[in-house]
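**Student:** The structure is given below, and queries will be raised subsequently.
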Protein chains: 2
Amino acid sequence: MHPAAIAKVVGILLTLFSGSMLPPAGIGLLYGDGAVQPFLIAFLVLLGLGLALWLPCRRTPAELRVRDGFLVVVLFWSVLGATGAVPLMLAERPHLDLVNAVFESVSGLTTTGATVLTGIEELPRAVRFYRQQLQWLGGLGIVVVALAVLPMLGVGGMQLYRAETPGPMKDTKLTPRLAETAKALWYIYLGLTAACALAYRLAGMDWFDAVGHAFSTVAIGGFSTYDASIGYFDSTAVELVAVVFMLLAGMNFALHFGAVRRRSLRVYAADPEVRAYLGILAASAAVSVLFLYASGTFDRFPDALHHGVFQAVSIGTTTGFTTHEYFTWPGFLPVMLILTSFVGGCAGSTGGGMKVIRWLLLYHQGRREILRLIHPAAMVPVKVGGRVLPESVMGAVWGFFAVYVVTFAVLMLALMATGLDQVSAFSAVAATLNNLGPGLGEVGAHFGTVGDAGKWILILAMLLGRLEIFTFLVVITPAFWRR
Amino acid sequence: MHPAAIAKVVGILLTLFSGSMLPPAGIGLLYGDGAVQPFLIAFLVLLGLGLALWLPCRRTPAELRVRDGFLVVVLFWSVLGATGAVPLMLAERPHLDLVNAVFESVSGLTTTGATVLTGIEELPRAVRFYRQQLQWLGGLGIVVVALAVLPMLGVGGMQLYRAETPGPMKDTKLTPRLAETAKALWYIYLGLTAACALAYRLAGMDWFDAVGHAFSTVAIGGFSTYDASIGYFDSTAVELVAVVFMLLAGMNFALHFGAVRRRSLRVYAADPEVRAYLGILAASAAVSVLFLYASGTFDRFPDALHHGVFQAVSIGTTTGFTTHEYFTWPGFLPVMLILTSFVGGCAGSTGGGMKVIRWLLLYHQGRREILRLIHPAAMVPVKVGGRVLPESVMGAVWGFFAVYVVTFAVLMLALMATGLDQVSAFSAVAATLNNLGPGLGEVGAHFGTVGDAGKWILILAMLLGRLEIFTFLVVITPAFWRR
Ligand SMILES: [K+]
Ligand SMILES: [K+]
C-alpha cells in the first residue's frame, strides 16, 4: 500500500472519529458538570490532524484492494485507540497519563471493558458518556469489519460461512461491497441499541444510564457508569434485560439481518453455531448456579440463580458486566468462567474470545481424527450445518487455535516478568486477549494497580484479540510489504 | 478384540512383569535392610495372576492386528501401573494405601517421576531400587512403543517420519516387525544405561546410586534415591553427567540407532527436530541463567550458571531432576520452565510433553497460514527436512494440539474442584500430563498433600500423557469396539 494511501485512510478515519467528541461535549453542556472544553479541544485536534493527513492526499485513488483491508483494520483499532485517549488526558478528572488514557481508550474501542478507573460515578457525565460511546463505536466497527471486511480477507471465522466461494479474491475491489453490507448492519445495530435502551429505561434506569448501558451491552463491552457495574442497580429486571441483550449481541449479526428480512425466527434455530453457543452458556450457568448454592456462597437459591446465570452469560459472551465480586467466589468457579470466555461469542457478533464456530469445528475435527485412527482407509469429511468443510478452512481454524494459545502463553510470561503473580497474569491476559474485561486476583475489580509495562502489554493483548491475531501478524510480515 | 485375546495379552504382560520383582528382592538380600519378603510375595501374586490369565487362553491365536495395538498399549501402562503398586502396599515401609501406591507406581512406569514419598533415603534399598527400576522399564516400554507400535497406529508423532508410507495398514501383522525393531532398540537403551551408570560412578556416586540414577536418567524419569534429588550430591561432575544423558535420552532413539549403524554423528546434525530441540533448550537455559543472576537469586555467576542450565535441561526434557528448590525462584522463571515441558523431548525418545517435532510443524504451518492470507492464490506446501508433509499429517498434529490443550484445561478445573489452588493445579496437571514430575506451589517438592480424588485425577493425567491422549480416546470410542 502506498504511503499516501495510508495517510489518506488514517486522515479519513480521524476526521470522522473527531465527530465523536461532540456528543460528550453536548452531554457536558446539558448536565453542566464540566469536561466540555476537553472534548471540544480533542475535536479540534483530531479534526485538524485528520484533515492535515487527508487533504494533501485527497487525489490519491480511493479504491482499496482486498489485501489493503488488513492494514485498514489494524489502523482502525490502533490509530483510533491511541487518539481516543486525548480527551481522557485533557480532562481535569480523570486526567490520566498517557499509558492509562490509551489503556482506557483501547479497552473501550476494542469492547474489552477493562478499566483503570475507580470512582467512575464521581466523574463528569461527559467522560462517563464518552467511555460508553467508545464501546458502542467499537462494537459497530467490529460488526462491520467482521461481516464485511474480514471474510474477504479470509480471517475471523466468518469465512467459514462462505466456504463455498473462497477462491482468489485478491484484486476484487473492497469499497462498494463494504458500503452496501455496512448500511444494513448499521440499521440492525442501531435498532438493537434503541430497543435495549428502552428496555433498561422501563426496568428502572434513568435515560443517561439506560443509553450508556445499552451502548456497552450491544457492543459486548462491559463498561459501566458505576464502579459496581450492573450490581449498582440491584434489580432483577435490569439484570434480565442485560442477559437478553447480551445473548442477542453475542449472536452473528448476519442472523439478525436474515431474521428481519424474512420476518422469521427460524434462521436462529437452523444455525448450528447459535445452538452450540446457547448450549455452552446454559451448561456454564447451570454449573455456576449449582456450585454457588451447594458451596453456600449464597444461602438463598434465588440469589445463587440470578447471580450465577448473570455472571455465566456476562463472562461467557465476554461482556464482563458484574453483579457481584465473582472473583471472590470459591474454588474452581472463577477459573471455569474465565475459561468460557475463550469460547466467547459467535463469529460476526460483537463478542470476543475465539468464537463458538471455531470450537464447533475443532470438536468435529477432533472426532474425525479419532475415527481416522480407527478406520485409516475411510474418508471422513467434516460437516457443519450439512455442508462439508474444505481442508484449507480446517487448517485456518487449527492454525488460529495454536497461535492463540501460544500468544496467550507468551503474553502471560511477559506480564509475569513485569512482576504480576501467576493468577493475576493468567486472568489479565485472558480478560484482554478475549476482550472480556474483568480478571481475577489483583485485576478482579480494575487494572489500576498494574505497572506501566504491564499495561502496554495488555493494550497489545486487547488489540491482538480484536484483530483476531492473524490480521496483526500479516501486517508485520515482510512478505506483506513486498511489491 | 476378542476377550480371550485380551486376557492372553494381559496374562503375558503380567507374567513377564512379575520377573521385575526379583532384582529388588536380590538388592534387599544383598544389603540386608529388609523388604525382601514383600517383593517375593508380589512376584508370586503377579506370576499367579499372569499364568491364570495366560494358560487358559494359550491356544488363542497370537497374531495381533495393527488396530489391536491401541488396546495393547493402553493395557501395558494401566495394568502394569496398577499391579506395580502391589509391593509398595505390602512393604512395611513405605506401606502405602491403594491410591498412593498406584500413584507412585504409575508415576514410575510412565516416567513421570512425581512422588508422594518423603524420607526416601530412609526406605529399604529394595524399595528405592524398585522405584528406579520401574522408571527404567517404563522408559524401555516407551521407546519400543513409540518407535515400533505407535507409528503403525498413526499416533505419537513418529508417523511424521514415515509420512511417505501412511496408507491403510489395517490388516498388516503387528508381531514380526515389532520384535525386530524392539531388539535393536533394546541394545541401544541398555548401552546408554550402562554408559550413564559408569559415568555417574566415575563422577563420585556409589554403584547403587549410579545404577539407580542411570535408570531414571535414561528413562527421563526423574525419580531419585534421595528427597533432594540430584541436589543431594552437590557435585558439578554429577550434574554434568546428568545433563549430557538427559539430552541424549531426549533425542529420537532412531537417530542413535542410525548413528551406531553408520558410525557417524552426521545423522544428528541432519535432523531438524534435534536442532530445534537443542535450540529451545539452549534458549531456555540462557534466559534462566541470566534471570537468576540478574535477580540476585544467586550472587555468584557460576552458581546461576550450573543451576540454571541444569534446571532448564531437566525440565525442558521433562526429566524432573532438581538441584535446587526451583519452584521458589522469582517471577516468571518457574512458570516459563514449566511451559517448556509442554514442548518436551523429541518423538521416539523417552521424554514427555507434546514432542518437539509437533511444535516444529505447528511453527511451519503457522507461517504457511500467514503467507496464505497474503497470497490467497499461492500453493504453499509445508516442508520439514526437505520433505513436503501431507495435509492429513498436519491435521493430526493440529488435532493433537487442540485435544492436549482442552484436556489440560479440563483436568485443571477438575483438580481445582477437589480444592487445589490455581497455581498448584496448573503445575500439577502440567507436571503429570507432560510426564515431567515436579510442579509449583503445593506440589513443588512432592504430591503427598494432594487429596485422594486429586491423586486419581493426576494418575489419569500421567496415563493420558504417556498414551499421547489419542490412544486412550480411541479405546473409549464405541466405534473401536464394533465388529
Ligand atoms: K467485554
Ligand atoms: K519425568
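Every chain in the C-alpha cells takes a letter, A first, then B, and so on in the order presented; its residues are numbered from 1, and the ligands are numbered from 1 following the presented order.
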Set the distance at 12 Å and use only C-alpha atoms: which residues neighbour region 440-447 of chain A once local chain neighbours fewer than 4 positions away are removed? I'd like the list as a VMD selection string.
**Tutor:** (chain A and resid 99 to 100 103 to 104 107 113 to 120 223 226 to 229 320 to 330 332 to 339 419 to 432 436 451 to 452 454 to 456 458 to 459) or (chain B and resid 422)
**Student:** May I ask you to write as a PDB file with N, CA and C atoms, in the first residue's frame all residues lying at most 10 Å from ligand 2, with only C-alpha atoms and all ligand atoms counted?
**Tutor:**
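Output saved as out10.pdb:
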```
ATOM      1  N   SER B 107       3.384 -43.269  38.282  1.00  0.00           N
ATOM      2  CA  SER B 107       4.342 -42.190  38.092  1.00  0.00           C
ATOM      3  C   SER B 107       5.698 -42.742  37.685  1.00  0.00           C
ATOM      4  N   GLY B 108       6.074 -43.884  38.281  1.00  0.00           N
ATOM      5  CA  GLY B 108       7.335 -44.514  37.910  1.00  0.00           C
ATOM      6  C   GLY B 108       7.301 -45.057  36.501  1.00  0.00           C
ATOM      7  N   THR B 110       5.259 -44.552  33.947  1.00  0.00           N
ATOM      8  CA  THR B 110       5.063 -43.599  32.852  1.00  0.00           C
ATOM      9  C   THR B 110       6.251 -42.651  32.745  1.00  0.00           C
ATOM     10  N   THR B 111       7.276 -42.851  33.581  1.00  0.00           N
ATOM     11  CA  THR B 111       8.469 -41.993  33.670  1.00  0.00           C
ATOM     12  C   THR B 111       8.106 -40.546  33.997  1.00  0.00           C
ATOM     13  N   THR B 112       7.019 -40.365  34.766  1.00  0.00           N
ATOM     14  CA  THR B 112       6.672 -39.022  35.211  1.00  0.00           C
ATOM     15  C   THR B 112       7.612 -38.584  36.324  1.00  0.00           C
ATOM     16  N   GLY B 113       7.720 -39.427  37.346  1.00  0.00           N
ATOM     17  CA  GLY B 113       8.661 -39.102  38.417  1.00  0.00           C
ATOM     18  C   GLY B 113       8.100 -38.186  39.486  1.00  0.00           C
ATOM     19  N   ALA B 114       6.776 -37.991  39.514  1.00  0.00           N
ATOM     20  CA  ALA B 114       6.156 -37.274  40.632  1.00  0.00           C
ATOM     21  C   ALA B 114       6.029 -38.263  41.780  1.00  0.00           C
ATOM     22  N   GLN B 135      10.997 -46.978  36.516  1.00  0.00           N
ATOM     23  CA  GLN B 135      11.197 -45.944  35.507  1.00  0.00           C
ATOM     24  C   GLN B 135      11.939 -46.503  34.306  1.00  0.00           C
ATOM     25  N   SER B 216      16.832 -43.813  35.942  1.00  0.00           N
ATOM     26  CA  SER B 216      15.833 -42.742  35.840  1.00  0.00           C
ATOM     27  C   SER B 216      16.298 -41.601  34.928  1.00  0.00           C
ATOM     28  N   THR B 217      17.591 -41.554  34.603  1.00  0.00           N
ATOM     29  CA  THR B 217      18.063 -40.530  33.664  1.00  0.00           C
ATOM     30  C   THR B 217      17.742 -40.953  32.233  1.00  0.00           C
ATOM     31  N   ALA B 219      15.626 -43.009  31.229  1.00  0.00           N
ATOM     32  CA  ALA B 219      14.179 -43.094  31.031  1.00  0.00           C
ATOM     33  C   ALA B 219      13.510 -41.720  31.089  1.00  0.00           C
ATOM     34  N   ILE B 220      14.315 -40.650  31.286  1.00  0.00           N
ATOM     35  CA  ILE B 220      13.761 -39.293  31.503  1.00  0.00           C
ATOM     36  C   ILE B 220      12.675 -39.364  32.569  1.00  0.00           C
ATOM     37  N   GLY B 221      13.015 -40.104  33.634  1.00  0.00           N
ATOM     38  CA  GLY B 221      12.010 -40.352  34.666  1.00  0.00           C
ATOM     39  C   GLY B 221      12.028 -39.346  35.799  1.00  0.00           C
ATOM     40  N   GLY B 222      13.189 -39.141  36.387  1.00  0.00           N
ATOM     41  CA  GLY B 222      13.288 -38.119  37.410  1.00  0.00           C
ATOM     42  C   GLY B 222      13.185 -38.604  38.841  1.00  0.00           C
ATOM     43  N   PHE B 223      12.858 -39.901  39.062  1.00  0.00           N
ATOM     44  CA  PHE B 223      12.915 -40.429  40.427  1.00  0.00           C
ATOM     45  C   PHE B 223      14.363 -40.403  40.894  1.00  0.00           C
ATOM     46  N   SER B 314      16.687 -30.182  32.657  1.00  0.00           N
ATOM     47  CA  SER B 314      15.911 -31.196  33.379  1.00  0.00           C
ATOM     48  C   SER B 314      14.416 -31.011  33.134  1.00  0.00           C
ATOM     49  N   ILE B 315      13.936 -29.763  33.145  1.00  0.00           N
ATOM     50  CA  ILE B 315      12.505 -29.536  32.957  1.00  0.00           C
ATOM     51  C   ILE B 315      12.150 -29.534  31.470  1.00  0.00           C
ATOM     52  N   THR B 317      13.509 -31.233  29.071  1.00  0.00           N
ATOM     53  CA  THR B 317      13.431 -32.608  28.561  1.00  0.00           C
ATOM     54  C   THR B 317      12.337 -33.401  29.262  1.00  0.00           C
ATOM     55  N   THR B 318      11.704 -32.815  30.283  1.00  0.00           N
ATOM     56  CA  THR B 318      10.685 -33.432  31.158  1.00  0.00           C
ATOM     57  C   THR B 318      11.268 -34.504  32.075  1.00  0.00           C
ATOM     58  N   THR B 319      12.579 -34.407  32.395  1.00  0.00           N
ATOM     59  CA  THR B 319      13.143 -35.363  33.353  1.00  0.00           C
ATOM     60  C   THR B 319      12.609 -35.083  34.754  1.00  0.00           C
ATOM     61  N   GLY B 320      12.817 -33.861  35.219  1.00  0.00           N
ATOM     62  CA  GLY B 320      12.279 -33.512  36.521  1.00  0.00           C
ATOM     63  C   GLY B 320      13.231 -33.677  37.689  1.00  0.00           C
ATOM     64  N   PHE B 321      14.536 -33.944  37.416  1.00  0.00           N
ATOM     65  CA  PHE B 321      15.532 -33.876  38.492  1.00  0.00           C
ATOM     66  C   PHE B 321      15.628 -32.433  38.976  1.00  0.00           C
ATOM     67  N   SER B 341       8.161 -27.575  29.358  1.00  0.00           N
ATOM     68  CA  SER B 341       7.885 -29.021  29.422  1.00  0.00           C
ATOM     69  C   SER B 341       6.737 -29.401  28.491  1.00  0.00           C
ATOM     70  N   GLY B 344       8.811 -30.471  25.479  1.00  0.00           N
ATOM     71  CA  GLY B 344       9.262 -31.808  25.842  1.00  0.00           C
ATOM     72  C   GLY B 344      10.356 -32.362  24.956  1.00  0.00           C
ATOM     73  N   THR B 350      12.426 -41.034  25.277  1.00  0.00           N
ATOM     74  CA  THR B 350      11.700 -41.358  26.498  1.00  0.00           C
ATOM     75  C   THR B 350      11.093 -40.103  27.128  1.00  0.00           C
ATOM     76  N   GLY B 351      11.262 -38.933  26.494  1.00  0.00           N
ATOM     77  CA  GLY B 351      10.741 -37.681  27.039  1.00  0.00           C
ATOM     78  C   GLY B 351       9.229 -37.570  26.915  1.00  0.00           C
ATOM     79  N   GLY B 352       8.664 -36.629  27.682  1.00  0.00           N
ATOM     80  CA  GLY B 352       7.228 -36.393  27.636  1.00  0.00           C
ATOM     81  C   GLY B 352       6.906 -35.110  26.887  1.00  0.00           C
ATOM     82  N   GLY B 353       5.775 -34.487  27.266  1.00  0.00           N
ATOM     83  CA  GLY B 353       5.348 -33.270  26.593  1.00  0.00           C
ATOM     84  C   GLY B 353       4.739 -33.568  25.233  1.00  0.00           C
ATOM     85  N   ALA B 431       2.763 -31.053  35.243  1.00  0.00           N
ATOM     86  CA  ALA B 431       3.803 -31.987  35.683  1.00  0.00           C
ATOM     87  C   ALA B 431       3.426 -33.429  35.380  1.00  0.00           C
ATOM     88  N   THR B 432       2.134 -33.750  35.386  1.00  0.00           N
ATOM     89  CA  THR B 432       1.715 -35.136  35.155  1.00  0.00           C
ATOM     90  C   THR B 432       1.386 -35.389  33.684  1.00  0.00           C
ATOM     91  N   ASN B 434       2.480 -33.825  31.099  1.00  0.00           N
ATOM     92  CA  ASN B 434       3.724 -33.795  30.333  1.00  0.00           C
ATOM     93  C   ASN B 434       4.719 -34.853  30.810  1.00  0.00           C
ATOM     94  N   ASN B 435       4.311 -35.685  31.786  1.00  0.00           N
ATOM     95  CA  ASN B 435       5.215 -36.681  32.375  1.00  0.00           C
ATOM     96  C   ASN B 435       6.526 -36.057  32.837  1.00  0.00           C
ATOM     97  N   LEU B 436       6.382 -34.904  33.496  1.00  0.00           N
ATOM     98  CA  LEU B 436       7.537 -34.117  33.948  1.00  0.00           C
ATOM     99  C   LEU B 436       7.956 -34.516  35.356  1.00  0.00           C
ATOM    100  N   GLY B 437       7.032 -34.414  36.331  1.00  0.00           N
ATOM    101  CA  GLY B 437       7.344 -34.778  37.711  1.00  0.00           C
ATOM    102  C   GLY B 437       7.029 -33.674  38.695  1.00  0.00           C
ATOM    103  N   PRO B 438       7.985 -32.799  38.968  1.00  0.00           N
ATOM    104  CA  PRO B 438       7.742 -31.782  39.988  1.00  0.00           C
ATOM    105  C   PRO B 438       6.912 -30.615  39.456  1.00  0.00           C
TER     106      PRO B 438
END
```
**Student:** With only C-alpha atoms considered, list every residue of chain A at most 8 Å from chain B, as number ranges by chain.
**Tutor:** A: 67, 153-155, 167-170, 331-332, 335-336, 362, 365-366, 369-371, 373-377, 391, 395-396, 398-399, 401-403, 413-414, 416-417, 419-423, 470, 473-474, 479-480
**Student:** So which residues touch Ala91 (chain A) within 12 Å, counting only C-alpha atoms, skipping near sequence neighbours fewer than 6 positions away, as a list in words?
**Tutor:**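 Contacts, with the query itself left out: Pro24, Ala25, Gly28, Gly34, Ala35, Val36, Gln37, Pro38, Phe39, Leu40, Ile41, Ala42, Ala85, Asp97, Ala101, Leu123, Pro124, Arg125, Ala126, Val127, Arg128 and Tyr130 of chain A.
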**Student:** Store the residues picked out above in a file with N, CA and C atoms, as a PDB file, in the first residue's frame.
**Tutor:**
```pdb
ATOM      1  N   PRO A  24     -20.322  13.855  23.662  1.00  0.00           N
ATOM      2  CA  PRO A  24     -19.949  14.046  25.072  1.00  0.00           C
ATOM      3  C   PRO A  24     -19.929  15.528  25.463  1.00  0.00           C
ATOM      4  N   ALA A  25     -19.432  16.375  24.567  1.00  0.00           N
ATOM      5  CA  ALA A  25     -19.429  17.808  24.853  1.00  0.00           C
ATOM      6  C   ALA A  25     -20.865  18.292  25.081  1.00  0.00           C
ATOM      7  N   GLY A  28     -22.028  17.213  28.407  1.00  0.00           N
ATOM      8  CA  GLY A  28     -21.422  18.070  29.421  1.00  0.00           C
ATOM      9  C   GLY A  28     -22.182  19.378  29.567  1.00  0.00           C
ATOM     10  N   GLY A  34     -19.163  19.987  33.901  1.00  0.00           N
ATOM     11  CA  GLY A  34     -17.780  20.123  33.460  1.00  0.00           C
ATOM     12  C   GLY A  34     -17.385  19.215  32.309  1.00  0.00           C
ATOM     13  N   ALA A  35     -16.102  19.297  31.948  1.00  0.00           N
ATOM     14  CA  ALA A  35     -15.464  18.468  30.919  1.00  0.00           C
ATOM     15  C   ALA A  35     -15.992  18.738  29.514  1.00  0.00           C
ATOM     16  N   VAL A  36     -16.580  19.925  29.284  1.00  0.00           N
ATOM     17  CA  VAL A  36     -16.980  20.272  27.923  1.00  0.00           C
ATOM     18  C   VAL A  36     -15.749  20.662  27.108  1.00  0.00           C
ATOM     19  N   GLN A  37     -14.932  21.525  27.696  1.00  0.00           N
ATOM     20  CA  GLN A  37     -13.766  22.053  26.995  1.00  0.00           C
ATOM     21  C   GLN A  37     -12.817  20.974  26.479  1.00  0.00           C
ATOM     22  N   PRO A  38     -12.432  19.963  27.310  1.00  0.00           N
ATOM     23  CA  PRO A  38     -11.505  18.938  26.808  1.00  0.00           C
ATOM     24  C   PRO A  38     -12.021  18.247  25.550  1.00  0.00           C
ATOM     25  N   PHE A  39     -13.334  18.021  25.486  1.00  0.00           N
ATOM     26  CA  PHE A  39     -13.867  17.329  24.318  1.00  0.00           C
ATOM     27  C   PHE A  39     -13.871  18.229  23.089  1.00  0.00           C
ATOM     28  N   LEU A  40     -14.096  19.538  23.309  1.00  0.00           N
ATOM     29  CA  LEU A  40     -14.040  20.463  22.173  1.00  0.00           C
ATOM     30  C   LEU A  40     -12.607  20.577  21.652  1.00  0.00           C
ATOM     31  N   ILE A  41     -11.646  20.629  22.587  1.00  0.00           N
ATOM     32  CA  ILE A  41     -10.237  20.684  22.156  1.00  0.00           C
ATOM     33  C   ILE A  41      -9.878  19.402  21.406  1.00  0.00           C
ATOM     34  N   ALA A  42     -10.287  18.276  21.962  1.00  0.00           N
ATOM     35  CA  ALA A  42      -9.990  16.996  21.326  1.00  0.00           C
ATOM     36  C   ALA A  42     -10.601  16.948  19.925  1.00  0.00           C
ATOM     37  N   ALA A  85      -7.598   8.527  23.325  1.00  0.00           N
ATOM     38  CA  ALA A  85      -7.079   8.816  24.661  1.00  0.00           C
ATOM     39  C   ALA A  85      -6.998  10.316  24.940  1.00  0.00           C
ATOM     40  N   ASP A  97      -2.608   9.867  32.694  1.00  0.00           N
ATOM     41  CA  ASP A  97      -1.363   9.982  31.934  1.00  0.00           C
ATOM     42  C   ASP A  97      -1.474   9.108  30.678  1.00  0.00           C
ATOM     43  N   ALA A 101      -4.550   6.519  29.822  1.00  0.00           N
ATOM     44  CA  ALA A 101      -5.546   7.025  28.878  1.00  0.00           C
ATOM     45  C   ALA A 101      -5.651   6.100  27.663  1.00  0.00           C
ATOM     46  N   LEU A 123     -17.094  11.013  38.234  1.00  0.00           N
ATOM     47  CA  LEU A 123     -16.522  11.720  37.084  1.00  0.00           C
ATOM     48  C   LEU A 123     -17.610  12.546  36.396  1.00  0.00           C
ATOM     49  N   PRO A 124     -17.218  13.575  35.631  1.00  0.00           N
ATOM     50  CA  PRO A 124     -18.212  14.356  34.881  1.00  0.00           C
ATOM     51  C   PRO A 124     -18.999  13.453  33.930  1.00  0.00           C
ATOM     52  N   ARG A 125     -20.263  13.795  33.731  1.00  0.00           N
ATOM     53  CA  ARG A 125     -21.129  12.994  32.844  1.00  0.00           C
ATOM     54  C   ARG A 125     -20.547  12.860  31.436  1.00  0.00           C
ATOM     55  N   ALA A 126     -19.889  13.926  30.971  1.00  0.00           N
ATOM     56  CA  ALA A 126     -19.318  13.874  29.619  1.00  0.00           C
ATOM     57  C   ALA A 126     -18.340  12.716  29.492  1.00  0.00           C
ATOM     58  N   VAL A 127     -17.475  12.552  30.508  1.00  0.00           N
ATOM     59  CA  VAL A 127     -16.472  11.478  30.476  1.00  0.00           C
ATOM     60  C   VAL A 127     -17.154  10.117  30.582  1.00  0.00           C
ATOM     61  N   ARG A 128     -18.141  10.034  31.485  1.00  0.00           N
ATOM     62  CA  ARG A 128     -18.847   8.753  31.659  1.00  0.00           C
ATOM     63  C   ARG A 128     -19.564   8.353  30.368  1.00  0.00           C
ATOM     64  N   TYR A 130     -18.696   9.387  27.333  1.00  0.00           N
ATOM     65  CA  TYR A 130     -17.675   9.135  26.302  1.00  0.00           C
ATOM     66  C   TYR A 130     -17.177   7.694  26.353  1.00  0.00           C
TER      67      TYR A 130
END
```
**Student:** Near Ala237 (chain B), within 10 Å and counting only C-alpha atoms, which residues show up once chain neighbours fewer than 5 positions away are dropped, as a list in words?
**Tutor:**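 What passes the distance filter is Ala199, Tyr200, Leu202, Ala203, Gly204, Ala242 and Val243 of chain B.
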**Student:** How would the residues just chosen look if you wrote them out with N, CA and C atoms as a tab-separated table (two decimals), in the first residue's frame?
**Tutor:**
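Result file follows (again-v4.tsv):
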```tsv
chain	number	residue	atom	x	y	z
B	199	ALA	N	29.43	-43.45	34.05
B	199	ALA	CA	29.79	-42.03	34.16
B	199	ALA	C	29.42	-41.50	35.54
B	200	TYR	N	28.24	-41.88	36.05
B	200	TYR	CA	27.85	-41.45	37.40
B	200	TYR	C	28.83	-42.00	38.44
B	202	LEU	N	31.97	-42.76	38.00
B	202	LEU	CA	33.22	-42.02	37.90
B	202	LEU	C	33.09	-40.62	38.48
B	203	ALA	N	31.85	-40.07	38.42
B	203	ALA	CA	31.63	-38.71	38.95
B	203	ALA	C	31.50	-38.73	40.47
B	204	GLY	N	31.52	-39.93	41.07
B	204	GLY	CA	31.58	-39.98	42.53
B	204	GLY	C	30.44	-40.70	43.22
B	242	ALA	N	24.49	-35.90	34.29
B	242	ALA	CA	23.04	-35.92	34.16
B	242	ALA	C	22.60	-35.11	32.94
B	243	VAL	N	23.16	-33.90	32.77
B	243	VAL	CA	22.76	-33.04	31.64
B	243	VAL	C	23.03	-33.74	30.32
```
**Student:** I'd like the contact shell of Phe472 (chain B) - 7 Å cut-off, only C-alpha atoms, skipping same-chain residues fewer than 5 positions apart - returned as an NGL selection string.
**Tutor:** :B and (74 or 464 or 467)
**Student:** Which residue is closest to ligand 1? Choose from A:Val72, A:Leu46, A:Ala286, A:Met462 and count only C-alpha atoms and all ligand atoms.
**Tutor:**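 Of the candidates, the smallest distance to ligand 1 is held by A:Met462.
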**Student:** As number ranges by chain, list the residues of region 234-286 of chain B assigned to alpha helix (DSSP H) by DSSP on the backbone atoms of this structure.
**Tutor:** B: 236-249, 253-262, 266-269, 272-286
**Student:** Between CA of Gly19 (chain A) and CA of Leu44 (chain A), what distance in Å does the model show, to one decimal?
**Tutor:** 9.4 Å
**Student:** Tell me, in Å to one decimal, how far CA of Pro478 (chain B) is from CA of Val380 (chain A).
**Tutor:**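 Computing it gives 16.4 Å between the two atoms.
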**Student:** Have a look at CA of Gly32 (chain B) and CA of Val218 (chain B) and let me know their distance in Å, one decimal.
**Tutor:**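 Result for CA of Gly32 (chain B) versus CA of Val218 (chain B): 27.9 Å, one decimal.
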**Student:** Applying 12 Å and only C-alpha atoms, which residues near Trp207 (chain B) remain after dropping the ones on its own chain fewer than 4 positions away? List them as a ChimeraX atom specification.
**Tutor:** /B:27,129,194,196-203,211-214
**Student:** Choose the residue, out of A:Gly81, A:Gly231, A:Gly308, A:Gly465, that has the smallest atom-to-atom separation from Leu411 (chain A); count only C-alpha atoms.
**Tutor:**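 Closest candidate: A:Gly465.
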